[in-house]
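Here's upload-v5.cif, which has mmCIF, C-alpha atoms:
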data_upload
loop_
_atom_site.group_PDB
_atom_site.id
_atom_site.type_symbol
_atom_site.label_atom_id
_atom_site.label_comp_id
_atom_site.auth_asym_id
_atom_site.auth_seq_id
_atom_site.Cartn_x
_atom_site.Cartn_y
_atom_site.Cartn_z
ATOM 1 C CA MET A 1 -18.434 4.361 11.285
ATOM 2 C CA ASP A 2 -18.051 7.649 13.190
ATOM 3 C CA ARG A 3 -14.257 7.404 13.581
ATOM 4 C CA ASP A 4 -11.473 8.955 11.571
ATOM 5 C CA ILE A 5 -10.019 6.590 8.964
ATOM 6 C CA LEU A 6 -6.297 5.999 8.458
ATOM 7 C CA TRP A 7 -5.840 3.917 5.295
ATOM 8 C CA LEU A 8 -2.222 2.807 5.073
ATOM 9 C CA GLY A 9 -1.915 0.795 1.886
ATOM 10 C CA LEU A 10 -0.019 -1.459 1.137
ATOM 11 C CA HIS A 11 1.842 -0.288 -1.937
ATOM 12 C CA LYS A 12 0.820 -2.162 -5.095
ATOM 13 C CA THR A 13 -2.576 -3.242 -3.776
ATOM 14 C CA GLY A 14 -4.834 -1.113 -5.981
ATOM 15 C CA THR A 15 -4.315 2.016 -3.906
ATOM 16 C CA THR A 16 -4.053 4.435 -6.851
ATOM 17 C CA PHE A 17 -7.406 3.288 -8.244
ATOM 18 C CA LEU A 18 -9.060 3.612 -4.827
ATOM 19 C CA GLN A 19 -7.539 7.035 -4.114
ATOM 20 C CA LYS A 20 -8.571 8.460 -7.474
ATOM 21 C CA SER A 21 -12.065 7.026 -7.004
ATOM 22 C CA LEU A 22 -12.285 8.762 -3.635
ATOM 23 C CA ASP A 23 -11.257 12.025 -5.252
ATOM 24 C CA LEU A 24 -13.964 11.576 -7.904
ATOM 25 C CA SER A 25 -16.441 10.939 -5.068
ATOM 26 C CA GLN A 26 -15.746 14.099 -3.044
ATOM 27 C CA LYS A 27 -19.386 15.192 -3.140
ATOM 28 C CA ALA A 28 -20.582 11.921 -1.592
ATOM 29 C CA LEU A 29 -17.845 12.068 1.044
ATOM 30 C CA GLN A 30 -18.698 15.662 1.949
ATOM 31 C CA GLN A 31 -22.363 14.742 2.290
ATOM 32 C CA ALA A 32 -21.236 12.105 4.803
ATOM 33 C CA ALA A 33 -19.169 14.775 6.626
ATOM 34 C CA ILE A 34 -15.897 13.055 5.633
ATOM 35 C CA HIS A 35 -12.856 15.171 4.743
ATOM 36 C CA TYR A 36 -10.583 13.556 2.139
ATOM 37 C CA VAL A 37 -7.571 15.342 0.635
ATOM 38 C CA ASP A 38 -6.341 13.984 -2.680
ATOM 39 C CA LEU A 39 -3.053 12.090 -2.574
ATOM 40 C CA ASP A 40 -0.679 14.606 -4.186
ATOM 41 C CA GLU A 41 -1.988 17.426 -2.025
ATOM 42 C CA PHE A 42 -1.894 15.344 1.148
ATOM 43 C CA ARG A 43 1.720 14.391 0.516
ATOM 44 C CA ARG A 44 2.649 18.030 -0.133
ATOM 45 C CA LEU A 45 0.876 19.338 2.963
ATOM 46 C CA TRP A 46 1.664 16.604 5.483
ATOM 47 C CA THR A 47 3.392 13.351 4.499
ATOM 48 C CA ARG A 48 6.610 14.906 3.228
ATOM 49 C CA PRO A 49 6.883 17.717 5.797
ATOM 50 C CA LEU A 50 6.191 15.371 8.702
ATOM 51 C CA LEU A 51 8.019 12.219 7.618
ATOM 52 C CA HIS A 52 10.833 13.243 5.256
ATOM 53 C CA LYS A 53 14.026 14.167 7.055
ATOM 54 C CA ASN A 54 15.201 17.751 6.446
ATOM 55 C CA HIS A 55 12.133 18.605 4.371
ATOM 56 C CA PRO A 56 12.355 22.358 3.673
ATOM 57 C CA GLU A 57 8.682 23.196 4.283
ATOM 58 C CA ALA A 58 6.668 23.038 7.478
ATOM 59 C CA PRO A 59 3.456 20.990 7.563
ATOM 60 C CA ALA A 60 0.229 22.835 6.957
ATOM 61 C CA GLU A 61 -2.171 23.538 9.767
ATOM 62 C CA ALA A 62 -4.480 20.582 10.364
ATOM 63 C CA CYS A 63 -8.176 21.397 10.680
ATOM 64 C CA LEU A 64 -11.429 19.929 9.449
ATOM 65 C CA PRO A 65 -13.398 22.156 7.058
ATOM 66 C CA GLU A 66 -16.814 23.356 8.134
ATOM 67 C CA GLY A 67 -19.440 20.699 7.522
ATOM 68 C CA THR A 68 -17.107 17.735 8.096
ATOM 69 C CA ASP A 69 -16.459 15.881 11.323
ATOM 70 C CA ARG A 70 -13.920 13.159 10.476
ATOM 71 C CA TRP A 71 -10.848 12.570 8.368
ATOM 72 C CA LEU A 72 -10.210 9.986 5.692
ATOM 73 C CA VAL A 73 -6.425 9.810 5.329
ATOM 74 C CA PHE A 74 -5.124 7.479 2.602
ATOM 75 C CA ASP A 75 -1.424 7.425 1.741
ATOM 76 C CA GLU A 76 0.667 4.263 1.459
ATOM 77 C CA ASN A 77 3.830 6.359 1.809
ATOM 78 C CA ILE A 78 2.992 6.814 5.478
ATOM 79 C CA LEU A 79 4.187 3.230 5.938
ATOM 80 C CA ALA A 80 7.414 3.953 4.007
ATOM 81 C CA LEU A 81 8.510 4.930 0.531
ATOM 82 C CA VAL A 82 8.115 2.007 -1.851
ATOM 83 C CA GLN A 83 11.883 1.406 -2.040
ATOM 84 C CA HIS A 84 11.961 1.060 1.753
ATOM 85 C CA GLY A 85 9.004 -1.304 2.012
ATOM 86 C CA LEU A 86 11.120 -4.430 2.384
ATOM 87 C CA THR A 87 14.046 -4.261 4.824
ATOM 88 C CA ARG A 88 16.260 -6.617 6.794
ATOM 89 C CA ARG A 89 13.824 -6.086 9.672
ATOM 90 C CA GLY A 90 10.884 -7.165 7.534
ATOM 91 C CA PHE A 91 8.101 -5.209 5.842
ATOM 92 C CA TYR A 92 7.633 -1.582 6.880
ATOM 93 C CA PRO A 93 9.366 -1.885 10.271
ATOM 94 C CA ASP A 94 8.791 1.802 11.173
ATOM 95 C CA ALA A 95 5.134 1.857 10.141
ATOM 96 C CA GLY A 96 3.832 2.269 13.692
ATOM 97 C CA PRO A 97 5.839 5.381 14.654
ATOM 98 C CA ARG A 98 5.344 6.963 11.208
ATOM 99 C CA ALA A 99 1.583 6.446 11.355
ATOM 100 C CA ARG A 100 1.493 7.853 14.895
ATOM 101 C CA ILE A 101 3.242 11.053 13.742
ATOM 102 C CA ILE A 102 0.588 11.646 11.069
ATOM 103 C CA SER A 103 -2.275 10.639 13.340
ATOM 104 C CA GLU A 104 -1.226 12.844 16.230
ATOM 105 C CA TYR A 105 -0.524 15.871 14.058
ATOM 106 C CA LEU A 106 -3.944 15.667 12.390
ATOM 107 C CA GLY A 107 -5.646 14.961 15.713
ATOM 108 C CA LEU A 108 -7.016 11.551 14.752
ATOM 109 C CA LYS A 109 -8.491 9.838 17.799
ATOM 110 C CA ALA A 110 -8.243 6.032 17.749
ATOM 111 C CA PRO A 111 -8.677 6.025 13.968
ATOM 112 C CA ARG A 112 -10.038 3.070 12.067
ATOM 113 C CA ILE A 113 -6.905 1.671 10.387
ATOM 114 C CA VAL A 114 -7.257 0.004 6.988
ATOM 115 C CA LEU A 115 -4.660 -2.254 5.381
ATOM 116 C CA GLY A 116 -4.831 -4.301 2.197
ATOM 117 C CA LEU A 117 -2.655 -7.418 2.120
ATOM 118 C CA ARG A 118 -1.164 -9.178 -0.889
ATOM 119 C CA GLY A 119 0.835 -12.365 -1.297
ATOM 120 C CA CYS A 120 4.579 -11.740 -1.315
ATOM 121 C CA ALA A 121 5.108 -13.894 -4.406
ATOM 122 C CA SER A 122 3.498 -11.165 -6.517
ATOM 123 C CA LEU A 123 3.953 -8.155 -4.244
ATOM 124 C CA VAL A 124 7.744 -8.173 -3.822
ATOM 125 C CA PRO A 125 8.495 -8.160 -7.585
ATOM 126 C CA SER A 126 5.933 -5.362 -7.972
ATOM 127 C CA LEU A 127 7.598 -3.332 -5.199
ATOM 128 C CA TYR A 128 10.939 -3.848 -6.915
ATOM 129 C CA CYS A 129 9.656 -2.724 -10.317
ATOM 130 C CA GLU A 130 7.948 0.318 -8.788
ATOM 131 C CA ALA A 131 11.193 1.280 -7.036
ATOM 132 C CA LEU A 132 13.044 1.087 -10.358
ATOM 133 C CA LYS A 133 10.934 3.984 -11.643
ATOM 134 C CA SER A 134 12.335 6.508 -9.172
ATOM 135 C CA THR A 135 15.538 5.193 -7.572
ATOM 136 C CA PRO A 136 19.003 4.202 -8.826
ATOM 137 C CA PHE A 137 19.015 0.792 -10.468
ATOM 138 C CA LYS A 138 19.784 -2.235 -8.345
ATOM 139 C CA THR A 139 19.370 -5.913 -9.076
ATOM 140 C CA PHE A 140 16.462 -7.850 -7.644
ATOM 141 C CA GLN A 141 18.824 -9.799 -5.381
ATOM 142 C CA SER A 142 20.108 -6.513 -3.944
ATOM 143 C CA PHE A 143 16.533 -5.362 -3.367
ATOM 144 C CA LEU A 144 15.608 -8.661 -1.691
ATOM 145 C CA MET A 145 16.461 -7.902 1.928
ATOM 146 C CA GLN A 146 14.772 -10.927 3.512
ATOM 147 C CA SER A 147 14.721 -14.625 2.800
ATOM 148 C CA VAL A 148 11.489 -16.047 1.438
ATOM 149 C CA GLU A 149 11.135 -18.178 4.567
ATOM 150 C CA GLU A 150 10.985 -15.068 6.776
ATOM 151 C CA MET A 151 8.405 -13.085 4.817
ATOM 152 C CA SER A 152 5.201 -12.577 6.775
ATOM 153 C CA TRP A 153 2.592 -9.872 7.369
ATOM 154 C CA LEU A 154 2.045 -10.750 11.017
ATOM 155 C CA PRO A 155 4.863 -8.571 12.439
ATOM 156 C CA LEU A 156 3.564 -5.486 10.596
ATOM 157 C CA ILE A 157 0.030 -6.067 11.833
ATOM 158 C CA GLU A 158 1.228 -6.575 15.391
ATOM 159 C CA ARG A 159 3.329 -3.387 15.235
ATOM 160 C CA LEU A 160 0.325 -1.373 14.067
ATOM 161 C CA GLN A 161 -1.856 -2.822 16.805
ATOM 162 C CA ALA A 162 0.793 -1.959 19.392
ATOM 163 C CA ALA A 163 1.035 1.614 18.046
ATOM 164 C CA PHE A 164 -2.778 2.048 18.036
ATOM 165 C CA PRO A 165 -4.057 -0.071 20.937
ATOM 166 C CA ASP A 166 -7.511 1.543 20.910
ATOM 167 C CA SER A 167 -8.055 1.326 17.143
ATOM 168 C CA GLU A 168 -9.875 -1.167 14.983
ATOM 169 C CA LEU A 169 -7.620 -2.682 12.313
ATOM 170 C CA VAL A 170 -9.507 -3.541 9.114
ATOM 171 C CA LEU A 171 -7.810 -5.994 6.742
ATOM 172 C CA TYR A 172 -8.652 -7.260 3.259
ATOM 173 C CA ARG A 173 -6.917 -9.271 0.552
ATOM 174 C CA ALA A 174 -5.916 -7.266 -2.517
ATOM 175 C CA GLU A 175 -6.380 -10.404 -4.622
ATOM 176 C CA ASP A 176 -10.125 -10.175 -3.907
ATOM 177 C CA LEU A 177 -10.402 -6.470 -4.800
ATOM 178 C CA PRO A 178 -10.970 -6.363 -8.607
ATOM 179 C CA GLY A 179 -14.650 -5.637 -9.218
ATOM 180 C CA GLN A 180 -15.262 -5.013 -5.506
ATOM 181 C CA GLU A 181 -13.727 -1.548 -5.182
ATOM 182 C CA GLY A 182 -17.020 0.233 -4.509
ATOM 183 C CA ARG A 183 -18.016 -2.363 -1.971
ATOM 184 C CA LEU A 184 -14.714 -1.921 -0.142
ATOM 185 C CA LEU A 185 -14.988 1.877 -0.115
ATOM 186 C CA SER A 186 -18.491 1.559 1.305
ATOM 187 C CA ALA A 187 -17.419 -0.927 3.983
ATOM 188 C CA VAL A 188 -14.628 1.380 5.125
ATOM 189 C CA THR A 189 -16.539 4.682 5.068
ATOM 190 C CA GLY A 190 -20.197 3.772 5.566
ATOM 191 C CA VAL A 191 -21.111 5.659 2.381
ATOM 192 C CA PRO A 192 -23.421 3.619 0.086
ATOM 193 C CA THR A 193 -21.653 1.783 -2.731
ATOM 194 C CA ALA A 194 -23.777 3.469 -5.381
ATOM 195 C CA ALA A 195 -22.634 6.928 -4.226
ATOM 196 C CA PHE A 196 -19.034 6.348 -5.337
ATOM 197 C CA THR A 197 -17.744 7.349 -8.751
ATOM 198 C CA LEU A 198 -15.097 4.816 -9.681
ATOM 199 C CA LEU A 199 -12.142 5.628 -11.888
ATOM 200 C CA ASP A 200 -12.128 4.175 -15.369
ATOM 201 C CA LYS A 201 -9.295 1.664 -15.227
ATOM 202 C CA PRO A 202 -6.243 3.368 -16.756
ATOM 203 C CA GLU A 203 -3.788 1.675 -19.072
ATOM 204 C CA ARG A 204 -0.492 1.436 -17.208
ATOM 205 C CA VAL A 205 2.756 0.274 -18.753
ATOM 206 C CA GLY A 206 4.140 -2.571 -16.639
ATOM 207 C CA PHE A 207 7.506 -4.252 -16.321
ATOM 208 C CA SER A 208 7.733 -7.476 -18.287
ATOM 209 C CA HIS A 209 10.099 -10.253 -17.294
ATOM 210 C CA ALA A 210 11.987 -9.585 -20.525
ATOM 211 C CA ALA A 211 12.434 -5.896 -19.622
ATOM 212 C CA VAL A 212 13.852 -6.590 -16.167
ATOM 213 C CA SER A 213 16.099 -9.329 -17.504
ATOM 214 C CA HIS A 214 17.431 -6.872 -20.093
ATOM 215 C CA LEU A 215 18.096 -4.281 -17.379
ATOM 216 C CA HIS A 216 20.065 -6.858 -15.389
ATOM 217 C CA GLU A 217 22.137 -7.576 -18.497
ATOM 218 C CA LEU A 218 22.785 -3.858 -18.974
ATOM 219 C CA ALA A 219 23.862 -3.555 -15.320
ATOM 220 C CA GLU A 220 26.602 -6.116 -15.919
ATOM 221 C CA GLN A 221 28.068 -3.742 -18.524
ATOM 222 C CA GLY A 222 27.874 -0.507 -16.536
ATOM 223 C CA PRO A 223 25.554 1.944 -14.735
ATOM 224 C CA VAL A 224 21.878 1.869 -15.660
ATOM 225 C CA SER A 225 20.215 5.304 -15.790
ATOM 226 C CA ARG A 226 16.530 6.023 -15.206
ATOM 227 C CA ASP A 227 16.246 6.967 -18.876
ATOM 228 C CA MET A 228 17.513 3.488 -19.753
ATOM 229 C CA VAL A 229 14.910 1.972 -17.438
ATOM 230 C CA ARG A 230 12.092 3.978 -19.033
ATOM 231 C CA GLU A 231 13.248 3.179 -22.556
ATOM 232 C CA THR A 232 13.511 -0.537 -21.806
ATOM 233 C CA VAL A 233 10.001 -0.663 -20.341
ATOM 234 C CA ARG A 234 8.593 1.215 -23.343
ATOM 235 C CA ASN A 235 10.296 -1.205 -25.737
ATOM 236 C CA LEU A 236 9.441 -4.362 -23.764
ATOM 237 C CA PRO A 237 6.127 -3.652 -21.989
ATOM 238 C CA ARG A 238 4.205 -6.270 -20.099
ATOM 239 C CA GLY A 239 1.420 -7.770 -22.180
ATOM 240 C CA PRO A 240 -0.051 -11.009 -23.537
ATOM 241 C CA GLU A 241 3.213 -11.835 -25.284
ATOM 242 C CA ARG A 242 5.433 -10.690 -22.418
ATOM 243 C CA PRO A 243 4.391 -11.797 -18.925
ATOM 244 C CA GLY A 244 5.234 -9.718 -15.873
ATOM 245 C CA TYR A 245 8.442 -10.008 -13.926
ATOM 246 C CA ALA A 246 8.592 -13.353 -12.092
ATOM 247 C CA PRO A 247 11.953 -13.912 -10.378
ATOM 248 C CA TRP A 248 11.052 -16.845 -8.123
ATOM 249 C CA SER A 249 11.969 -20.484 -8.490
ATOM 250 C CA PRO A 250 9.011 -22.881 -8.173
ATOM 251 C CA GLU A 251 10.294 -23.814 -4.708
ATOM 252 C CA ASP A 252 10.456 -20.197 -3.529
ATOM 253 C CA ARG A 253 7.006 -19.417 -4.894
ATOM 254 C CA ALA A 254 5.581 -22.438 -3.080
ATOM 255 C CA ILE A 255 7.104 -21.204 0.203
ATOM 256 C CA LEU A 256 5.749 -17.674 -0.298
ATOM 257 C CA ASP A 257 2.272 -18.917 -1.195
ATOM 258 C CA ALA A 258 2.250 -21.201 1.853
ATOM 259 C CA ASN A 259 3.401 -18.361 4.127
ATOM 260 C CA TYR A 260 0.644 -16.078 2.860
ATOM 261 C CA ALA A 261 -2.025 -18.757 3.312
ATOM 262 C CA ARG A 262 -0.705 -19.349 6.839
ATOM 263 C CA ASP A 263 -0.831 -15.628 7.695
ATOM 264 C CA ILE A 264 -4.397 -15.270 6.426
ATOM 265 C CA ALA A 265 -5.495 -18.374 8.346
ATOM 266 C CA ILE A 266 -3.920 -17.059 11.563
ATOM 267 C CA LEU A 267 -5.565 -13.653 11.156
ATOM 268 C CA ARG A 268 -8.970 -15.182 10.470
ATOM 269 C CA LYS A 269 -8.590 -17.342 13.566
ATOM 270 C CA ARG A 270 -7.680 -14.295 15.646
ATOM 271 C CA VAL A 271 -10.844 -12.578 14.470
ATOM 272 C CA ARG A 272 -12.957 -15.619 15.360
ATOM 273 C CA THR A 273 -11.393 -16.211 18.766
ATOM 274 C CA ALA A 274 -11.021 -12.537 19.760
ATOM 275 C CA HIS A 275 -7.295 -12.949 20.426
ATOM 276 C CA ALA A 276 -6.517 -9.862 18.362
ATOM 277 C CA GLY A 277 -6.290 -7.065 20.893
ATOM 278 C CA PRO A 278 -9.102 -4.488 20.965
ATOM 279 C CA ARG A 279 -10.528 -5.041 17.471
ATOM 280 C CA LEU A 280 -9.521 -6.843 14.299
ATOM 281 C CA THR A 281 -11.803 -7.096 11.274
ATOM 282 C CA PHE A 282 -11.256 -9.084 8.076
ATOM 283 C CA LEU A 283 -13.357 -7.978 5.110
ATOM 284 C CA ASP A 284 -14.167 -10.935 2.873
ATOM 285 C CA LEU A 285 -14.541 -9.218 -0.479
ATOM 286 C CA ALA A 286 -14.607 -12.550 -2.298
ATOM 287 C CA GLU A 287 -17.877 -13.503 -0.612
ATOM 288 C CA ALA A 288 -21.086 -12.891 -2.519
ATOM 289 C CA GLU A 289 -22.940 -9.734 -1.555
#
In structure tokens, write the structure found in this file.
Amino acid sequence: MDRDILWLGLHKTGTTFLQKSLDLSQKALQQAAIHYVDLDEFRRLWTRPLLHKNHPEAPAEACLPEGTDRWLVFDENILALVQHGLTRRGFYPDAGPRARIISEYLGLKAPRIVLGLRGCASLVPSLYCEALKSTPFKTFQSFLMQSVEEMSWLPLIERLQAAFPDSELVLYRAEDLPGQEGRLLSAVTGVPTAAFTLLDKPERVGFSHAAVSHLHELAEQGPVSRDMVRETVRNLPRGPERPGYAPWSPEDRAILDANYARDIAILRKRVRTAHAGPRLTFLDLAEAE
């Protein structure tokens, strides 16, 4: 628990709630000598200057404030921007080099790397809907850069282990997170669960299946602007009467669910048999405390 912490996401795995809870818990973190910079400020000072090509501003100087002795870095955009999360080369193919740039600039030494996983059946539609908020409209099929049969988290995990051979990689399932956020923050930082101030869960407007279907219909008639996307989501929000976007056939969903179960089983086996490189930890948040 004395190492720097590099928390890399994934996107759409409860990261906003966790980051805002960390910001609300600055006093407890400072008492534990942990330096955490809130997400917007961290992106302004370091993520964009270091990782965005031709960014006009230089990164800020990296130094720990007096009274702290380790960093807690938490930005899922280190892996990639959300619209670049899924590529023809798989999920986040440049995650290792991007994370190394941040780590080396800040002077993190063999940081403890944290990664939340989520089944692709729910994650990929969520990535797509999140990308629609800030990028030019494209259909789901255009966004879908890999076949369902190929989707796996193992290559990403292996790339991160190769990039950080002396680091512990801490994994957890995002599906197990609701209600366990404080427990996870404590497990990662060593700060007692009771010391964290958790964010009140905000109401967030989500993309319903009806909204995305309507946007696809509009795209057949001409360009779809971001204003049109926002208006459609406001008019057709996700809710009890409108389920979230679900583009998969039953056959594709079965493949994705089976792939995710296989990945988790392989990772758990690697933990048990120590065939995971230096260190691999799987936090079982679903287990009773």
> Given the choices A:Ala33, A:Leu108, A:Leu79, A:Ile101, which gets closest to Pro59 (chain A) if the distance is worked out from all atoms listed in the file?
Replying inline: A:Ile101
> Of the residues A:Pro155, A:Gly206, A:Pro111, A:Gly9, which is the one nearest to Asp263 (chain A), using all atoms listed in the file?
Replying inline: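 The answer is A:Pro155, which sits nearest to Asp263 (chain A).
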> So, counting only C-alpha atoms, which residue among A:Val73, A:Leu10, A:Ala121, A:Ile264 is closest to Gly85 (chain A)?
Replying inline: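 The shortest atom-to-atom distance to Gly85 (chain A) comes from A:Leu10.
Within 7 Å of region 279-289 of chain A, once all atoms listed in the file are used and residues closer than 3 positions along the same chain are dropped, the contacting residues are Ser167, Glu168, Leu169, Val170, Leu171, Tyr172, Asp176, Leu177, Gln180, Arg268, Val271 and Ala276 of chain A.
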> Evaluating the PyMOL selection byres ((chain A and resi 62) around 8) on the displayed file yields which residues, as a PyMOL selection string?
Replying inline: chain A and resi 60-61+63-64+105-107
> Hey, can you check how far CA of Asp75 (chain A) sits from CA of Thr16 (chain A)?
Replying inline: 9.5 Å
Long-range neighbours of Ala162 (chain A) as a PDB file with C-alpha atoms, in the frame of the given file, 10 Å cut-off, all atoms listed in the file, 5 positions minimum in chain:
ATOM      1  CA  GLY A  96       3.832   2.269  13.692  1.00  0.00           C
ATOM      2  CA  LEU A 156       3.564  -5.486  10.596  1.00  0.00           C
ATOM      3  CA  ILE A 157       0.030  -6.067  11.833  1.00  0.00           C
ATOM      4  CA  SER A 167      -8.055   1.326  17.143  1.00  0.00           C
ATOM      5  CA  GLY A 277      -6.290  -7.065  20.893  1.00  0.00           C
TER       6      GLY A 277
END
> Looking at A:His11, A:Lys53, A:Arg270, A:Lys27, which one is nearest to Leu86 (chain A), with distances taken over all atoms listed in the file?
Replying inline: A:His11
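Residue membership of the PyMOL selection byres ((chain A and resi 52) around 12) in the shown file amounts to Arg43, Arg44, Leu45, Trp46, Thr47, Arg48, Pro49, Leu50, Leu51, Lys53, Asn54, His55, Pro56, Glu57, Ala58, Pro59, Asn77, Ile78, Ala80, Leu81, Arg98, Ile101 and Ile102 of chain A.
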Would you mind putting back N, CA, C and O atoms on region 163-177 of chain A, then writing it out as a short mmCIF file (atom, residue, chain, number, x, y, z; two decimals), in the frame of the given file?
data_model
loop_
_atom_site.label_atom_id
_atom_site.label_comp_id
_atom_site.auth_asym_id
_atom_site.auth_seq_id
_atom_site.Cartn_x
_atom_site.Cartn_y
_atom_site.Cartn_z
N ALA A 163 0.98 0.16 18.16
CA ALA A 163 1.03 1.61 18.05
C ALA A 163 -0.33 2.26 18.24
O ALA A 163 -0.42 3.41 18.68
N PHE A 164 -1.41 1.52 17.93
CA PHE A 164 -2.78 2.05 18.04
C PHE A 164 -3.63 1.06 18.85
O PHE A 164 -4.52 0.40 18.30
N PRO A 165 -3.37 0.96 20.14
CA PRO A 165 -4.06 -0.07 20.94
C PRO A 165 -5.56 0.11 21.05
O PRO A 165 -6.27 -0.85 21.37
N ASP A 166 -6.07 1.30 20.79
CA ASP A 166 -7.51 1.54 20.91
C ASP A 166 -8.21 1.57 19.56
O ASP A 166 -9.41 1.89 19.48
N SER A 167 -7.49 1.25 18.49
CA SER A 167 -8.06 1.33 17.14
C SER A 167 -8.50 -0.02 16.63
O SER A 167 -7.94 -1.06 16.99
N GLU A 168 -9.50 0.01 15.76
CA GLU A 168 -9.88 -1.17 14.98
C GLU A 168 -8.95 -1.26 13.78
O GLU A 168 -8.68 -0.25 13.11
N LEU A 169 -8.45 -2.45 13.49
CA LEU A 169 -7.62 -2.68 12.31
C LEU A 169 -8.43 -3.50 11.32
O LEU A 169 -8.85 -4.63 11.62
N VAL A 170 -8.69 -2.92 10.14
CA VAL A 170 -9.51 -3.54 9.11
C VAL A 170 -8.59 -4.06 8.01
O VAL A 170 -7.84 -3.29 7.41
N LEU A 171 -8.66 -5.35 7.74
CA LEU A 171 -7.81 -5.99 6.74
C LEU A 171 -8.65 -6.52 5.59
O LEU A 171 -9.82 -6.87 5.77
N TYR A 172 -8.03 -6.59 4.40
CA TYR A 172 -8.65 -7.26 3.26
C TYR A 172 -7.54 -7.76 2.36
O TYR A 172 -6.39 -7.32 2.45
N ARG A 173 -7.88 -8.73 1.51
CA ARG A 173 -6.92 -9.27 0.55
C ARG A 173 -7.03 -8.52 -0.77
O ARG A 173 -8.11 -8.43 -1.35
N ALA A 174 -5.90 -7.99 -1.24
CA ALA A 174 -5.92 -7.27 -2.52
C ALA A 174 -6.30 -8.18 -3.67
O ALA A 174 -6.87 -7.72 -4.67
N GLU A 175 -6.03 -9.46 -3.56
CA GLU A 175 -6.38 -10.40 -4.62
C GLU A 175 -7.89 -10.48 -4.83
O GLU A 175 -8.36 -10.85 -5.93
N ASP A 176 -8.66 -10.12 -3.81
CA ASP A 176 -10.12 -10.18 -3.91
C ASP A 176 -10.73 -8.84 -4.35
O ASP A 176 -11.95 -8.74 -4.48
N LEU A 177 -9.90 -7.82 -4.57
CA LEU A 177 -10.40 -6.47 -4.80
C LEU A 177 -11.01 -6.22 -6.18
O LEU A 177 -12.03 -5.52 -6.27
#
